[in-house]
Amino acid sequence: QNKVYCSEILSILCQSSAANQLRVGQNGGIDQLLQLVAPWKRRDPSNDEETELVSNLFNVICSALMAPANQVALVDGEGVELMLIMMQFRKFAARGALKVLDFALMRHTGACKRFVDAMGLKTLFPGFVRPQSICLKRTKEAKASLAEDEEHTVSLVVSLLLRLSGEAHARVMRKFEENNYEKVDRLLELHFKYHNRLEAADRKDAEEGRNEEDDDEDMTPEERRYARRLEMGLFTLQQVDLIIAYLLTEGVEGIEARIKRILHQNDASLDQVRAVLAEYRDHMGDGEGDVKGAANDGLNMKDVVTDLHDFLVDFSA
């Protein structure tokens with residue numbers, strides 16, 4: 001029970017403190033955290049206390065990975081390989097491992113390369129196509145967190161596409177061509193799922209005459225609307241549409257034809273994607289680094305989103 005209390009306190013301390021995030025990884029801290037979660041790769045927690053302990057440990061690792069030095073430590077400590085093994089066993093820890101990988105690959109090209117070298121694509125893309133398969137035991141928590149799993153798988157694909165080059169990048173691209181473009185189909189499925197959800201929420205607010213002025217006074221009406229849309233899955237939609245736009249820049253005829261066909265079948269167009277990227281761009285600060293707001297290793301995400309938006313403008317002209 002003391003372990004649970006300690007893990008909960010550590011998780012709270014690391015959530016919003018950059019100093020604590022860095023400190024927890026010092027003196028071999030990342031290796032120690034990896035050792036603490038490693039025993040759970042083959043077995044599920046047997047009670048609520050163990051479940052909370054494992055969840056807290058993964059949350060601590062994710063918070064710690066906001067510090068670039070800890071990302072390096074995780075890669076050096078073969079944490080990428082450990083997380084992939086956990087996903088392959090598909091026990092309770094698989095979902096935590098997926099989240100850790102998302103945070104590990106953000107802003108870190110070296111981690112992206114290690115992920116591909118460790119055969120991570122074979123582990124990631126089945127979960128991308130069918131996130132229900134990430135964890136064998138379909139608990140209420142896992143079912144309720146399906147949207148979170150979708151967010152992490154999509155975010156991982158974004159990191160890989162934007163940061164890899166050469167043969168590693170080509171391997172990611174080939175994933176979208178194999179099995180009769182099933183990943184492209186899934187990508188468009190996710191686009192319509194989240195786009196339609198957000199449109200329905202916007203219509204409901206309009207019909208009910210929602211007054212943004214009655215909400216949090218510390219935010220402007222537009223900021224409140226945007227925050228509410230993020231809670232509804234806007235971030236996942238932004239990442240999905242970023243991938244769609246990026247795939248089109250690659251000029252792969254089969255992928256391009258598939259995207260256009262599915263959009264046409266749903267009475268939609270690339271205008272939807274372009275509008276999402278425009279909103280994404282407009283709500284990013286100048287010089288914004290990563291897709292989730294942390295410092296970057298050289299990739300300016302606002303520039304990336306702007307370039308992809310402008311590409312779609314010319315592409316559709």
# chains A, B, ... in the order shown; residues from 1 in each chain; ligands from 1
>>> residues_around(residues="Phe103 of chain A", least_positions_apart="5", cutoff="8 Å", atoms="only C-alpha atoms", output="list in words")
Cys62, Leu65 and Met66 of chain A
>>> write_last_selection(atoms="all heavy atoms", output="compact mmCIF listing (two decimals), in the first residue's frame")
# COMPACT_ATOMS: atom_id res chain seq x y z
N CYS A 62 5.66 9.13 -18.21
CA CYS A 62 5.22 10.06 -19.26
C CYS A 62 5.53 11.50 -18.89
O CYS A 62 6.00 12.28 -19.73
CB CYS A 62 3.72 9.89 -19.51
SG CYS A 62 3.28 8.34 -20.33
N LEU A 65 9.18 12.25 -19.29
CA LEU A 65 9.63 12.32 -20.69
C LEU A 65 9.40 13.69 -21.32
O LEU A 65 9.85 13.92 -22.44
CB LEU A 65 8.93 11.23 -21.51
CG LEU A 65 9.38 9.80 -21.21
CD1 LEU A 65 8.55 8.80 -22.00
CD2 LEU A 65 10.85 9.61 -21.50
N MET A 66 8.75 14.60 -20.62
CA MET A 66 8.67 15.97 -21.11
C MET A 66 10.04 16.64 -21.07
O MET A 66 10.26 17.64 -21.74
CB MET A 66 7.65 16.77 -20.29
CG MET A 66 6.21 16.27 -20.41
SD MET A 66 5.63 16.17 -22.12
CE MET A 66 5.64 17.89 -22.58
>>> residues_around(residues="Leu33 of chain A", least_positions_apart="2", cutoff="12 Å", atoms="only C-alpha atoms", output="PyMOL selection string")
chain A and resi 7+10-11+24-31+35-39+53-54+56-65+70+73-74+77+79+82+100
>>> residues_around(residues="Lys175 of chain A", least_positions_apart="5", cutoff="10 Å", atoms="only C-alpha atoms", output="PDB file with N, CA, C and O atoms, in the first residue's frame")
ATOM      1  N   LEU A 121       6.832  -0.928 -36.006  1.00  0.00           N
ATOM      2  CA  LEU A 121       5.724  -0.716 -36.939  1.00  0.00           C
ATOM      3  C   LEU A 121       4.765  -1.902 -36.932  1.00  0.00           C
ATOM      4  O   LEU A 121       3.549  -1.725 -37.054  1.00  0.00           O
ATOM      5  N   LYS A 122       5.308  -3.115 -36.785  1.00  0.00           N
ATOM      6  CA  LYS A 122       4.453  -4.305 -36.757  1.00  0.00           C
ATOM      7  C   LYS A 122       3.575  -4.343 -35.509  1.00  0.00           C
ATOM      8  O   LYS A 122       2.522  -4.992 -35.499  1.00  0.00           O
ATOM      9  N   PHE A 125       0.838  -0.593 -35.956  1.00  0.00           N
ATOM     10  CA  PHE A 125      -0.226  -0.433 -36.941  1.00  0.00           C
ATOM     11  C   PHE A 125      -1.436  -1.346 -36.740  1.00  0.00           C
ATOM     12  O   PHE A 125      -2.557  -0.938 -37.075  1.00  0.00           O
ATOM     13  N   ALA A 170      10.572   5.383 -45.545  1.00  0.00           N
ATOM     14  CA  ALA A 170       9.935   4.601 -46.610  1.00  0.00           C
ATOM     15  C   ALA A 170       9.147   3.422 -46.030  1.00  0.00           C
ATOM     16  O   ALA A 170       8.081   3.069 -46.541  1.00  0.00           O
ATOM     17  N   TYR A 181      -4.515  -0.697 -48.959  1.00  0.00           N
ATOM     18  CA  TYR A 181      -4.667   0.639 -48.391  1.00  0.00           C
ATOM     19  C   TYR A 181      -5.568   0.668 -47.155  1.00  0.00           C
ATOM     20  O   TYR A 181      -6.259   1.654 -46.898  1.00  0.00           O
ATOM     21  N   GLU A 182      -5.523  -0.383 -46.333  1.00  0.00           N
ATOM     22  CA  GLU A 182      -6.409  -0.431 -45.183  1.00  0.00           C
ATOM     23  C   GLU A 182      -6.111   0.685 -44.170  1.00  0.00           C
ATOM     24  O   GLU A 182      -7.023   1.171 -43.486  1.00  0.00           O
ATOM     25  N   LYS A 183      -4.828   1.113 -44.073  1.00  0.00           N
ATOM     26  CA  LYS A 183      -4.507   2.191 -43.126  1.00  0.00           C
ATOM     27  C   LYS A 183      -5.047   3.529 -43.618  1.00  0.00           C
ATOM     28  O   LYS A 183      -5.436   4.389 -42.820  1.00  0.00           O
ATOM     29  N   VAL A 184      -5.076   3.719 -44.941  1.00  0.00           N
ATOM     30  CA  VAL A 184      -5.687   4.934 -45.490  1.00  0.00           C
ATOM     31  C   VAL A 184      -7.188   4.924 -45.194  1.00  0.00           C
ATOM     32  O   VAL A 184      -7.767   5.942 -44.802  1.00  0.00           O
TER      33      VAL A 184
END
>>> residues_around(residues="Glu78 of chain A", least_positions_apart="5", cutoff="12 Å", atoms="only C-alpha atoms", output="number ranges by chain")
A: 30-31, 34-35, 38, 71-73, 83-85, 101, 104, 111, 114-115, 117-118
>>> closest_residue(among="A:Ile12, A:Leu312, A:Ala206, A:Met284", to="Ala245 of chain A", atoms="only C-alpha atoms")
A:Leu312
>>> residues_around(residues="segment 217-227 of chain A", least_positions_apart="5", cutoff="12 Å", atoms="only C-alpha atoms", output="VMD selection string")
chain A and resid 198 201 to 202 205 to 206 210 to 212 232 to 235 276 279 to 280 282 to 284
>>> closest_residue(among="A:Asn180, A:Ser155, A:Asn20, A:Thr249", to="Phe311 of chain A", atoms="only C-alpha atoms")
A:Thr249
>>> atom_distance(atom1="atom CA of Cys135 of chain A", atom2="atom CA of Glu151 of chain A")
15.5 Å
>>> select_by_dssp(residues="segment 119-232 of chain A", states="alpha helix (DSSP H)", output="VMD selection string")
chain A and resid 120 to 129 140 to 144 146 to 163 166 to 175 178 to 208 221 to 231
>>> residues_around(residues="Arg197 of chain A", least_positions_apart="3", cutoff="12 Å", atoms="only C-alpha atoms", output="MDAnalysis selection string")
chainID A and resid 190:194 200:204 229:234 236:237
>>> decode(residues="segment 165-221 of chain A", atoms="C-alpha atoms", output="tab-separated table (two decimals), in the first residue's frame")
chain	number	residue	atom	x	y	z
A	165	SER	CA	14.01	9.94	-43.40
A	166	GLY	CA	15.54	7.44	-45.80
A	167	GLU	CA	14.63	3.78	-45.54
A	168	ALA	CA	12.97	4.16	-42.13
A	169	HIS	CA	10.60	6.77	-43.56
A	170	ALA	CA	9.93	4.60	-46.61
A	171	ARG	CA	8.96	1.71	-44.33
A	172	VAL	CA	6.34	3.86	-42.63
A	173	MET	CA	4.97	5.01	-46.00
A	174	ARG	CA	4.70	1.43	-47.25
A	175	LYS	CA	2.42	0.64	-44.33
A	176	PHE	CA	-0.22	2.88	-45.91
A	177	GLU	CA	-0.03	0.98	-49.20
A	178	GLU	CA	-0.13	-2.59	-47.92
A	179	ASN	CA	-3.28	-4.70	-47.52
A	180	ASN	CA	-5.17	-2.73	-50.13
A	181	TYR	CA	-4.67	0.64	-48.39
A	182	GLU	CA	-6.41	-0.43	-45.18
A	183	LYS	CA	-4.51	2.19	-43.13
A	184	VAL	CA	-5.69	4.93	-45.49
A	185	ASP	CA	-9.23	3.64	-45.06
A	186	ARG	CA	-8.81	3.74	-41.28
A	187	LEU	CA	-7.38	7.25	-41.47
A	188	LEU	CA	-10.44	8.54	-43.30
A	189	GLU	CA	-12.71	6.60	-40.94
A	190	LEU	CA	-11.13	8.47	-38.02
A	191	HIS	CA	-11.44	11.78	-39.87
A	192	PHE	CA	-15.19	11.40	-40.34
A	193	LYS	CA	-15.69	10.01	-36.83
A	194	TYR	CA	-14.18	13.04	-35.13
A	195	HIS	CA	-15.22	15.62	-37.71
A	196	ASN	CA	-18.87	14.55	-37.51
A	197	ARG	CA	-18.73	14.44	-33.70
A	198	LEU	CA	-17.44	18.01	-33.54
A	199	GLU	CA	-19.93	19.26	-36.13
A	200	ALA	CA	-22.78	17.71	-34.16
A	201	ALA	CA	-21.56	19.35	-30.95
A	202	ASP	CA	-21.28	22.73	-32.67
A	203	ARG	CA	-24.83	22.41	-34.05
A	204	LYS	CA	-26.17	21.47	-30.63
A	205	ASP	CA	-24.51	24.51	-29.06
A	206	ALA	CA	-25.98	26.75	-31.75
A	207	GLU	CA	-29.47	25.29	-31.35
A	208	GLU	CA	-29.36	25.64	-27.57
A	209	GLY	CA	-27.99	29.17	-27.86
A	210	ARG	CA	-24.91	28.44	-25.75
A	211	ASN	CA	-23.47	31.66	-24.35
A	212	GLU	CA	-19.68	31.49	-24.05
A	213	GLU	CA	-19.76	34.59	-21.86
A	214	ASP	CA	-21.28	32.53	-19.05
A	215	ASP	CA	-18.28	30.22	-18.84
A	216	ASP	CA	-14.76	30.60	-17.42
A	217	GLU	CA	-14.01	34.31	-17.14
A	218	ASP	CA	-10.26	33.72	-17.48
A	219	MET	CA	-10.69	32.71	-21.13
A	220	THR	CA	-12.07	34.49	-24.17
A	221	PRO	CA	-15.21	33.03	-25.79
